[in-house]
Protein chains: 2
Amino acid sequence: MSGYALPIQRLIKELSRFPGIGEKTAARLANHILHIPAEDARRLAQTILDVKDKIRLCSVCFNLAEGELCNICADTARNHGLICVVEEPDSLIALETSGGYHGVYHVLHGALSPLDGIGPEQLRIRELLDRIASNTVEEVIVATNPSVPGETTALLISKLLKERNVKVTRIAFGVPMGGDLKYTDRMTLAKCIEFRRGV
Amino acid sequence: MSGYALPIQRLIKELSRFPGIGEKTAARLANHILHIPAEDARRLAQTILDVKDKIRLCSVCFNLAEGELCNICADTARNHGLICVVEEPDSLIALETSGGYHGVYHVLHGALSPLDGIGPEQLRIRELLDRIASNTVEEVIVATNPSVPGETTALLISKLLKERNVKVTRIAFGVPMGGDLKYTDRMTLAKCIEFRRGV
């Protein structure tokens, strides 16, 4: 690093804070910034600031949003009677990319993990129950991850919702498309039998 | 991308302009920016702007510098009678990292490539000759890359400097440390014989 001028050293240091970006990649990115027009660098810096300034949580589903409502909650063409509960905005994006879902979402911002001090109060579970109380919700799809915290959260949510007479479903776990049964782990194989359906 | 709020989409688009950064990595980086404190994001944006505002070329060696002189040219402890000629600032950094060189540099900012319109006038060759005319330079090490443009440039520089009675040397090409002769290409093997020295 010592051969670099100080502003470059500082930029490399900032860039290497990113997950999965080591010092070499950071130097390559810094080098790219050195070579792009000043206008482009200004725009990049501005978009970074904009994300911090303008992004807040959707007042309905707690997805990341620019205004009061996120793109999805503001979309009247979607089925607002179908709520898909996810742990993080990332999961929402992944489901959106699949293009197979036309309902709305509810982002919990985490999953139950008592050892890390994350109980029901730390998640947006109360807000989910409020949505169900005020709206005509037909079905809640629980799409938390197939991990211990995700499964625990799914269990709690399905218990709470069943008390309120809402239909609760869980996303299917099974062999991924393009996968091969002989390379699939035992847990997944057990799940693919459990989630089987009539053809 | 459509599930993201607009400022995030814009940030992902800017980040995916970086070399080797696809849309998925850009989304991961944008996600990181979303989660860091606003203060850190501001510092990152500022370092990007600083690099564009503060970095210029060293007036002596054309390395990237914060002020009039780069760190290396400003260092009186280095041997200013020994000049290592490199194509790009990256090569300089690589040599600096090795820690084995204590002279100064001269950055050409390219290599001869007539088909791309890069002749001697596009490189900092005239400035190199000026440095040699005015200084007490003992030796010039030509460290352009072992490629066609690099070799052509090395040939021209050595011709020009020999006319001016300056000692010119070329960095050695050979089997890299930790390499294995049986996996080394023919060109490199030919070079490792050519560059052999007495033991």
# chains A, B, ... in the order shown; residues from 1 in each chain; ligands from 1

call {"tool": "select_by_dssp", "arguments": {"residues": "range 8-199 of chain B", "states": "strand (DSSP E or B)", "output": "list of chain:residue names"}}
result
B:Arg56, B:Leu57, B:Leu64, B:Ala65, B:Asn79, B:His80, B:Gly81, B:Leu82, B:Ile83, B:Cys84, B:Val85, B:Val86, B:Gly103, B:Val104, B:Tyr105, B:His106, B:Val107, B:Ser113, B:Ile118, B:Glu139, B:Val140, B:Ile141, B:Val142, B:Lys167, B:Val168, B:Thr169, B:Arg170

call {"tool": "write_last_selection", "arguments": {"atoms": "C-alpha atoms", "output": "mmCIF file, in the first residue's frame"}}
result
data_model
loop_
_atom_site.group_PDB
_atom_site.id
_atom_site.type_symbol
_atom_site.label_atom_id
_atom_site.label_comp_id
_atom_site.auth_asym_id
_atom_site.auth_seq_id
_atom_site.Cartn_x
_atom_site.Cartn_y
_atom_site.Cartn_z
ATOM 1 C CA ARG B 56 -2.617 14.229 -9.983
ATOM 2 C CA LEU B 57 0.588 13.090 -11.622
ATOM 3 C CA LEU B 64 -0.032 9.216 -9.022
ATOM 4 C CA ALA B 65 0.566 11.838 -6.351
ATOM 5 C CA ASN B 79 18.540 6.563 -4.628
ATOM 6 C CA HIS B 80 17.559 9.222 -7.161
ATOM 7 C CA GLY B 81 20.364 8.128 -9.483
ATOM 8 C CA LEU B 82 18.572 4.849 -10.195
ATOM 9 C CA ILE B 83 15.385 5.108 -12.295
ATOM 10 C CA CYS B 84 13.033 2.199 -12.919
ATOM 11 C CA VAL B 85 10.832 2.748 -15.972
ATOM 12 C CA VAL B 86 7.361 1.176 -15.762
ATOM 13 C CA GLY B 103 15.611 3.790 -6.415
ATOM 14 C CA VAL B 104 12.981 6.035 -8.005
ATOM 15 C CA TYR B 105 10.578 5.444 -10.905
ATOM 16 C CA HIS B 106 9.411 6.843 -14.200
ATOM 17 C CA VAL B 107 5.857 6.009 -15.283
ATOM 18 C CA SER B 113 1.302 0.175 -29.756
ATOM 19 C CA ILE B 118 0.228 4.969 -29.213
ATOM 20 C CA GLU B 139 21.304 3.557 -14.297
ATOM 21 C CA VAL B 140 17.891 3.119 -15.869
ATOM 22 C CA ILE B 141 16.135 -0.206 -15.269
ATOM 23 C CA VAL B 142 13.524 -0.845 -17.965
ATOM 24 C CA LYS B 167 23.642 2.482 -18.352
ATOM 25 C CA VAL B 168 20.420 0.672 -19.265
ATOM 26 C CA THR B 169 19.311 -2.653 -17.789
ATOM 27 C CA ARG B 170 16.209 -4.796 -18.269
#

call {"tool": "interface_residues", "arguments": {"of": "chain A", "to": "chain B", "cutoff": "9 Å", "atoms": "only C-alpha atoms", "output": "PyMOL selection string"}}
result
chain A and resi 1-8+10-11+14-15+18-19+28-38+40-55+63-67+70-72+89-90+92-94+96-97

call {"tool": "atom_distance", "arguments": {"atom1": "CA of Pro176 in chain A", "atom2": "CA of Leu156 in chain A"}}
result
26.2 Å

call {"tool": "atom_distance", "arguments": {"atom1": "CA of Arg196 in chain B", "atom2": "CA of Val137 in chain B"}}
result
26.3 Å

call {"tool": "residues_around", "arguments": {"residues": "Pro149 in chain A", "least_positions_apart": "5", "cutoff": "10 Å", "atoms": "only C-alpha atoms", "output": "count of residues only"}}
result
10

call {"tool": "atom_distance", "arguments": {"atom1": "CA of Ala190 in chain A", "atom2": "CA of Ile157 in chain A"}}
result
23.0 Å

call {"tool": "closest_residue", "arguments": {"among": "A:Met177, A:Asn145, A:Leu129, A:Arg186", "to": "Lys159 in chain A", "atoms": "only C-alpha atoms"}}
result
A:Leu129

call {"tool": "select_by_dssp", "arguments": {"residues": "range 17-193 of chain A", "states": "alpha helix (DSSP H)", "output": "ChimeraX atom specification"}}
result
/A:23-35,38-54,89-98,125-134,148-163,186-193
